[in-house]
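Heads up, the thing below is written out as structure tokens.
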Amino acid sequence: CIFVNRKGAVMSVKVNEPSIVNYINNNLVQLPNRQEIAFNLAKRFGFPGADELFQRQFSQYFATGDYRQAAVVAAQCKSGVLRTPQTIEQFRQAPQQPGQQAPILTYFSTLLENGTKLNVLESIELVKPVVQQQRRELVEKWLKEDKLECSEELGDIVKPMEARYALSIYLRSNCHQKVIACFVETGQVDQIVAYV
């Protein structure tokens with residue numbers, strides 16, 4: 001931030017992003033809501049140092065069965081500490097409440113609604129049942145919106161349903177051998193020369 005002080009001098013101030021959250025938590029003891037302030041700064045600006053606060057809030061929501069809010073906390077945690085195989089398994093094992101969708105679907109839909117790009121594991125876990133249901137339109141939508149982290153494994157999962165989508169995934173994940181094979185399978189042999 002650049003500003004001019006009362007004496008007319010131009011000043012520059014910069015926040016030490018890696019340490020601001022810890023500084024608020026540990027040094028501003030006079031503020032009764034310092035953890036809330038630190039947590040909100042970390043959520044809003046993606047500052048590091050609040051992983052423990054995110055984990056605590058996630059656990060509180062999850063324990064009370066508020067799976068949507070737990071998923072929102074996971075989406076807001078920029079460090080990715082809550083976007084793990086353990087979290088996916090925790091949502092998968094959670095009991096479904098009457099009249100609501102399965103917790104694992106709540107997790108994925110919340111991540112997608114919050115504008116979050118899914119990581120490789122999340123992309124694979126979401127796309128598997130979608131491919132089994134032959135829901136081409138969902139895969140196409142997520143690819144167009146760049147919501148999936150493309151990988152060779154994701155392309156392999158999608159390929160039996162739609163080779164064009166698999167080709168797009170392979171291209172994005174730089175799986176050159178698979179791209180060439182898809183060009184051949186889809187009859188786009190002339191594209192191979194342009195690709196290579």
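Residues are named by chain letter and number: chains run A, B, ... in the order of the structure tokens, numbers start at 1 in each chain, and ligands are numbered from 1 in the order shown.
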Tell me which protein, DNA and RNA residues are within 8 Å of stretch 32-46 of chain A, counting only C-alpha atoms, leaving out same-chain ones fewer than 3 positions away, and put them as a ChimeraX atom specification. /A:20-22,24-25,28-29,49-50,53-54,76-79
Deliver the residues from the most recent selection as a file, using N, CA, C and O atoms, as a PDB file, in the first residue's frame.
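Final output, again35.pdb:
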ATOM      1  N   ILE A  20       1.234 -12.805   9.639  1.00  0.00           N
ATOM      2  CA  ILE A  20       0.199 -11.948  10.222  1.00  0.00           C
ATOM      3  C   ILE A  20      -0.812 -12.729  11.059  1.00  0.00           C
ATOM      4  O   ILE A  20      -1.228 -12.273  12.120  1.00  0.00           O
ATOM      5  N   VAL A  21      -1.204 -13.903  10.606  1.00  0.00           N
ATOM      6  CA  VAL A  21      -2.195 -14.696  11.344  1.00  0.00           C
ATOM      7  C   VAL A  21      -1.621 -15.112  12.696  1.00  0.00           C
ATOM      8  O   VAL A  21      -2.280 -14.962  13.733  1.00  0.00           O
ATOM      9  N   ASN A  22      -0.386 -15.611  12.695  1.00  0.00           N
ATOM     10  CA  ASN A  22       0.243 -16.001  13.968  1.00  0.00           C
ATOM     11  C   ASN A  22       0.468 -14.792  14.871  1.00  0.00           C
ATOM     12  O   ASN A  22       0.323 -14.893  16.090  1.00  0.00           O
ATOM     13  N   ILE A  24      -1.383 -12.054  15.069  1.00  0.00           N
ATOM     14  CA  ILE A  24      -2.668 -11.691  15.675  1.00  0.00           C
ATOM     15  C   ILE A  24      -3.020 -12.664  16.790  1.00  0.00           C
ATOM     16  O   ILE A  24      -3.440 -12.255  17.875  1.00  0.00           O
ATOM     17  N   ASN A  25      -2.859 -13.953  16.534  1.00  0.00           N
ATOM     18  CA  ASN A  25      -3.199 -14.970  17.543  1.00  0.00           C
ATOM     19  C   ASN A  25      -2.332 -14.885  18.788  1.00  0.00           C
ATOM     20  O   ASN A  25      -2.820 -15.061  19.904  1.00  0.00           O
ATOM     21  N   LEU A  28      -1.684 -10.179  20.034  1.00  0.00           N
ATOM     22  CA  LEU A  28      -2.762  -9.232  20.307  1.00  0.00           C
ATOM     23  C   LEU A  28      -3.735  -9.807  21.339  1.00  0.00           C
ATOM     24  O   LEU A  28      -4.941  -9.889  21.114  1.00  0.00           O
ATOM     25  N   VAL A  29      -3.182 -10.156  22.479  1.00  0.00           N
ATOM     26  CA  VAL A  29      -3.977 -10.810  23.524  1.00  0.00           C
ATOM     27  C   VAL A  29      -5.066  -9.899  24.086  1.00  0.00           C
ATOM     28  O   VAL A  29      -6.018 -10.375  24.701  1.00  0.00           O
ATOM     29  N   GLY A  49      -0.958 -19.922   8.000  1.00  0.00           N
ATOM     30  CA  GLY A  49      -0.836 -19.902   9.459  1.00  0.00           C
ATOM     31  C   GLY A  49      -2.123 -20.185  10.200  1.00  0.00           C
ATOM     32  O   GLY A  49      -2.146 -20.165  11.432  1.00  0.00           O
ATOM     33  N   ALA A  50      -3.199 -20.450   9.474  1.00  0.00           N
ATOM     34  CA  ALA A  50      -4.489 -20.669  10.140  1.00  0.00           C
ATOM     35  C   ALA A  50      -4.993 -22.098   9.967  1.00  0.00           C
ATOM     36  O   ALA A  50      -6.164 -22.371  10.213  1.00  0.00           O
ATOM     37  N   LEU A  53      -6.859 -23.479  12.876  1.00  0.00           N
ATOM     38  CA  LEU A  53      -8.177 -22.854  13.036  1.00  0.00           C
ATOM     39  C   LEU A  53      -9.170 -23.438  12.034  1.00  0.00           C
ATOM     40  O   LEU A  53     -10.326 -23.708  12.373  1.00  0.00           O
ATOM     41  N   PHE A  54      -8.730 -23.638  10.797  1.00  0.00           N
ATOM     42  CA  PHE A  54      -9.590 -24.255   9.789  1.00  0.00           C
ATOM     43  C   PHE A  54      -9.968 -25.677  10.199  1.00  0.00           C
ATOM     44  O   PHE A  54     -11.130 -26.069  10.094  1.00  0.00           O
ATOM     45  N   GLN A  76     -12.572 -23.019   1.658  1.00  0.00           N
ATOM     46  CA  GLN A  76     -11.959 -21.730   1.981  1.00  0.00           C
ATOM     47  C   GLN A  76     -10.519 -21.855   2.451  1.00  0.00           C
ATOM     48  O   GLN A  76      -9.778 -20.881   2.423  1.00  0.00           O
ATOM     49  N   CYS A  77     -10.123 -23.021   2.882  1.00  0.00           N
ATOM     50  CA  CYS A  77      -8.764 -23.239   3.380  1.00  0.00           C
ATOM     51  C   CYS A  77      -7.810 -23.331   2.188  1.00  0.00           C
ATOM     52  O   CYS A  77      -7.728 -24.355   1.513  1.00  0.00           O
ATOM     53  N   LYS A  78      -7.095 -22.253   1.928  1.00  0.00           N
ATOM     54  CA  LYS A  78      -6.248 -22.151   0.732  1.00  0.00           C
ATOM     55  C   LYS A  78      -5.039 -23.082   0.758  1.00  0.00           C
ATOM     56  O   LYS A  78      -4.486 -23.406  -0.264  1.00  0.00           O
ATOM     57  N   SER A  79      -4.619 -23.512   1.936  1.00  0.00           N
ATOM     58  CA  SER A  79      -3.434 -24.361   2.016  1.00  0.00           C
ATOM     59  C   SER A  79      -3.710 -25.782   1.517  1.00  0.00           C
ATOM     60  O   SER A  79      -2.789 -26.522   1.218  1.00  0.00           O
TER      61      SER A  79
END
Taking only C-alpha atoms into account, which of A:Ile104, A:Ile124, A:Cys175, A:Ala181 comes nearest A:Glu152?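 Between A:Ile104, A:Ile124, A:Cys175, A:Ala181, the residue approaching A:Glu152 most closely is A:Cys175.
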Which residues are near A:Glu153? Cut-off 12 Å, only C-alpha atoms, ignore same chain within fewer than 2 positions. Put them as an mmCIF file with C-alpha atoms, in the first residue's frame.
data_model
loop_
_atom_site.group_PDB
_atom_site.id
_atom_site.type_symbol
_atom_site.label_atom_id
_atom_site.label_comp_id
_atom_site.auth_asym_id
_atom_site.auth_seq_id
_atom_site.Cartn_x
_atom_site.Cartn_y
_atom_site.Cartn_z
ATOM 1 C CA VAL A 120 -6.570 -34.580 -8.881
ATOM 2 C CA LEU A 121 -8.010 -36.969 -6.300
ATOM 3 C CA SER A 123 -11.665 -34.892 -9.718
ATOM 4 C CA ILE A 124 -11.229 -38.647 -10.023
ATOM 5 C CA GLU A 125 -13.577 -39.431 -7.132
ATOM 6 C CA VAL A 127 -16.052 -38.287 -12.113
ATOM 7 C CA LYS A 128 -16.131 -42.065 -11.409
ATOM 8 C CA GLU A 149 -7.623 -31.091 -12.380
ATOM 9 C CA CYS A 150 -6.773 -33.136 -15.453
ATOM 10 C CA SER A 151 -4.587 -36.215 -15.141
ATOM 11 C CA GLY A 155 -8.643 -39.358 -18.900
ATOM 12 C CA ASP A 156 -8.566 -43.158 -18.599
ATOM 13 C CA ILE A 157 -11.786 -43.065 -16.543
ATOM 14 C CA VAL A 158 -13.595 -40.786 -19.002
ATOM 15 C CA LYS A 159 -12.372 -42.462 -22.206
ATOM 16 C CA ALA A 166 -10.573 -37.971 -22.736
ATOM 17 C CA ILE A 169 -8.052 -34.245 -20.550
ATOM 18 C CA TYR A 170 -4.935 -35.866 -21.992
ATOM 19 C CA SER A 173 -2.318 -33.092 -18.610
ATOM 20 C CA CYS A 175 -0.032 -37.205 -21.748
ATOM 21 C CA LYS A 178 -2.499 -40.972 -24.984
#
Could you list, as a list in words, every residue within 12 Å of A:Glu145, counting only C-alpha atoms and ignoring same-chain residues fewer than 2 positions away? Leu112, Glu113, Gly115, Thr116, Lys117, Leu118, Leu138, Val139, Glu140, Lys141, Trp142, Leu143, Lys147, Leu148 and Glu149 of chain A
Now that the selection is made, can you save its residues with N, CA, C and O atoms as a PDB file, in the first residue's frame?
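New file result-v5.pdb:
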ATOM      1  N   LEU A 112     -17.537 -27.160  -5.864  1.00  0.00           N
ATOM      2  CA  LEU A 112     -17.800 -26.655  -7.210  1.00  0.00           C
ATOM      3  C   LEU A 112     -18.540 -25.317  -7.167  1.00  0.00           C
ATOM      4  O   LEU A 112     -18.249 -24.412  -7.945  1.00  0.00           O
ATOM      5  N   GLU A 113     -19.492 -25.181  -6.242  1.00  0.00           N
ATOM      6  CA  GLU A 113     -20.253 -23.930  -6.112  1.00  0.00           C
ATOM      7  C   GLU A 113     -19.376 -22.773  -5.650  1.00  0.00           C
ATOM      8  O   GLU A 113     -19.636 -21.622  -5.988  1.00  0.00           O
ATOM      9  N   GLY A 115     -16.512 -22.062  -6.540  1.00  0.00           N
ATOM     10  CA  GLY A 115     -15.546 -21.658  -7.552  1.00  0.00           C
ATOM     11  C   GLY A 115     -14.190 -22.315  -7.392  1.00  0.00           C
ATOM     12  O   GLY A 115     -13.203 -21.864  -7.958  1.00  0.00           O
ATOM     13  N   THR A 116     -14.142 -23.369  -6.623  1.00  0.00           N
ATOM     14  CA  THR A 116     -12.889 -24.057  -6.345  1.00  0.00           C
ATOM     15  C   THR A 116     -12.624 -25.107  -7.412  1.00  0.00           C
ATOM     16  O   THR A 116     -13.504 -25.884  -7.753  1.00  0.00           O
ATOM     17  N   LYS A 117     -11.407 -25.125  -7.927  1.00  0.00           N
ATOM     18  CA  LYS A 117     -11.012 -26.183  -8.849  1.00  0.00           C
ATOM     19  C   LYS A 117     -10.660 -27.408  -8.014  1.00  0.00           C
ATOM     20  O   LYS A 117      -9.912 -27.316  -7.043  1.00  0.00           O
ATOM     21  N   LEU A 118     -11.229 -28.543  -8.381  1.00  0.00           N
ATOM     22  CA  LEU A 118     -10.960 -29.776  -7.644  1.00  0.00           C
ATOM     23  C   LEU A 118      -9.528 -30.227  -7.886  1.00  0.00           C
ATOM     24  O   LEU A 118      -8.994 -30.046  -8.975  1.00  0.00           O
ATOM     25  N   LEU A 138     -22.359 -33.439 -17.588  1.00  0.00           N
ATOM     26  CA  LEU A 138     -21.668 -32.949 -16.393  1.00  0.00           C
ATOM     27  C   LEU A 138     -20.156 -32.869 -16.613  1.00  0.00           C
ATOM     28  O   LEU A 138     -19.512 -31.881 -16.265  1.00  0.00           O
ATOM     29  N   VAL A 139     -19.606 -33.925 -17.207  1.00  0.00           N
ATOM     30  CA  VAL A 139     -18.163 -33.924 -17.482  1.00  0.00           C
ATOM     31  C   VAL A 139     -17.821 -32.793 -18.440  1.00  0.00           C
ATOM     32  O   VAL A 139     -16.847 -32.057 -18.232  1.00  0.00           O
ATOM     33  N   GLU A 140     -18.644 -32.616 -19.468  1.00  0.00           N
ATOM     34  CA  GLU A 140     -18.403 -31.538 -20.437  1.00  0.00           C
ATOM     35  C   GLU A 140     -18.458 -30.168 -19.745  1.00  0.00           C
ATOM     36  O   GLU A 140     -17.597 -29.314 -19.963  1.00  0.00           O
ATOM     37  N   LYS A 141     -19.447 -29.981 -18.903  1.00  0.00           N
ATOM     38  CA  LYS A 141     -19.602 -28.704 -18.190  1.00  0.00           C
ATOM     39  C   LYS A 141     -18.388 -28.426 -17.310  1.00  0.00           C
ATOM     40  O   LYS A 141     -17.825 -27.324 -17.320  1.00  0.00           O
ATOM     41  N   TRP A 142     -17.963 -29.409 -16.539  1.00  0.00           N
ATOM     42  CA  TRP A 142     -16.828 -29.216 -15.620  1.00  0.00           C
ATOM     43  C   TRP A 142     -15.531 -28.962 -16.386  1.00  0.00           C
ATOM     44  O   TRP A 142     -14.690 -28.188 -15.936  1.00  0.00           O
ATOM     45  N   LEU A 143     -15.372 -29.631 -17.526  1.00  0.00           N
ATOM     46  CA  LEU A 143     -14.173 -29.382 -18.343  1.00  0.00           C
ATOM     47  C   LEU A 143     -14.200 -27.966 -18.920  1.00  0.00           C
ATOM     48  O   LEU A 143     -13.184 -27.266 -18.898  1.00  0.00           O
ATOM     49  N   LYS A 147     -13.090 -26.926 -13.906  1.00  0.00           N
ATOM     50  CA  LYS A 147     -13.305 -27.296 -12.507  1.00  0.00           C
ATOM     51  C   LYS A 147     -12.529 -28.548 -12.107  1.00  0.00           C
ATOM     52  O   LYS A 147     -12.413 -28.846 -10.927  1.00  0.00           O
ATOM     53  N   LEU A 148     -12.038 -29.294 -13.093  1.00  0.00           N
ATOM     54  CA  LEU A 148     -11.347 -30.556 -12.818  1.00  0.00           C
ATOM     55  C   LEU A 148      -9.851 -30.398 -13.056  1.00  0.00           C
ATOM     56  O   LEU A 148      -9.435 -29.772 -14.027  1.00  0.00           O
ATOM     57  N   GLU A 149      -9.066 -31.015 -12.179  1.00  0.00           N
ATOM     58  CA  GLU A 149      -7.623 -31.091 -12.380  1.00  0.00           C
ATOM     59  C   GLU A 149      -7.377 -32.308 -13.270  1.00  0.00           C
ATOM     60  O   GLU A 149      -7.628 -33.446 -12.866  1.00  0.00           O
TER      61      GLU A 149
END
Would you return as an MDAnalysis selection string the members of chain A that DSSP assigns to helix (DSSP H, G or I) on this structure's backbone? chainID A and resid 17:27 34:45 51:63 67:76 85:93 103:113 120:132 136:144 152:158 163:172 176:185 189:195
Give me the residues near A:Met161 as a compact mmCIF listing (two decimals) with C-alpha atoms, in the first residue's frame, where near means some atom within 8 Å (using only C-alpha atoms) and where sequence neighbours in that chain fewer than 3 positions away do not count.
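The new file around.txt reads:
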# COMPACT_ATOMS: atom_id res chain seq x y z
CA VAL A 131 -19.14 -41.86 -15.84
CA GLN A 134 -23.18 -41.89 -18.39
CA ARG A 136 -21.69 -36.73 -20.38
CA VAL A 158 -13.59 -40.79 -19.00
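Atom pair atom CA of A:Glu162 / atom CA of A:Arg135: separated by 10.3 Å.
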Contacts of stretch 69-72 of chain A at 12 Å or less, counting only C-alpha atoms, minus same-chain residues fewer than 2 places along, as a ChimeraX atom specification? /A:43,54-67,74-78,82-83,87-88,90-91,103-116
